[in-house]
Amino acid sequence: MKKIILIVIAVIIVAAVSALYLSGAFQSIEVKAEEVGPIRVVYLEHKGPYHKTAEKIFEVEKILKEKNIPYTAGFGEYMDNPQMVKPEDLRSNGGIVLSPTVSGNIAINPPFKSKVIEKRIYASAAFSGSPAVGPFKVYPKLNQWMKEKGYSPSGPAIELYRIEKGKMAITFLMPFSTTSLPGQK
């Protein structure tokens, strides 16, 4: 009986560690300055908990598929700091990055919107794994990198979502200014 209990405990531990590994929990994060853009997106606005932005992404993806409009990635734009704003008041945009092969205006109707996010330099980090784990691993590293360099965030955080080799690959982009925050170098 003890042997069976030990085997069950071992299987549970192995399963838990495997799940954490696959979610990206043990992944090291490297931050760098990277020029990105322009990024042309179709999106829906969202107000409420950030994890529900995914619903908007799927809604936009469905419309683009119906219209046979090519795209390259999912897109989330997060305007507020969730440590400072109540979940029900968080503002975000969820949508899709259009393929560079799409030219001219595309026919979309409200509440769908489109815009071009101009080229600029971002603090950038790549993460492969669960979108539920990524922000907890990446945003502290982005903030630490900016603080060490004396930079401050200067706009909404952007996340680009792709499936690569069967896993979610997320690029986190944080615009920054070289203006130091109060109390920093």
# chains A, B, ... in the order shown; residues from 1 in each chain; ligands from 1
call {"tool": "select_by_dssp", "arguments": {"residues": "chain A", "states": "alpha helix (DSSP H)", "output": "PyMOL selection string"}}
result
chain A and resi 2-23+53-66+134-149
call {"tool": "residues_around", "arguments": {"residues": "A:Ala54", "least_positions_apart": "5", "cutoff": "12 Å", "atoms": "only C-alpha atoms", "output": "MDAnalysis selection string"}}
result
chainID A and resid 43:46 48:49 59:61 74:78 92:96 131:132 159:161
call {"tool": "closest_residue", "arguments": {"among": "A:Met84, A:Val41, A:Ala126, A:Leu142", "to": "A:Ile108", "atoms": "only C-alpha atoms"}}
result
A:Val41
call {"tool": "residues_around", "arguments": {"residues": "A:Ala125", "least_positions_apart": "2", "cutoff": "10 Å", "atoms": "only C-alpha atoms", "output": "VMD selection string"}}
result
chain A and resid 29 to 34 122 to 123 127 138 to 139 141 to 142 159 170 to 174
call {"tool": "select_by_dssp", "arguments": {"residues": "stretch 42-137 of chain A", "states": "strand (DSSP E or B)", "output": "PyMOL selection string"}}
result
chain A and resi 42-47+71-78+91-98+113-117+120-128
call {"tool": "atom_distance", "arguments": {"atom1": "atom CA of A:Val102", "atom2": "atom CA of A:Ile163"}}
result
20.7 Å
call {"tool": "atom_distance", "arguments": {"atom1": "atom CA of A:Pro156", "atom2": "atom CA of A:Arg91"}}
result
9.8 Å
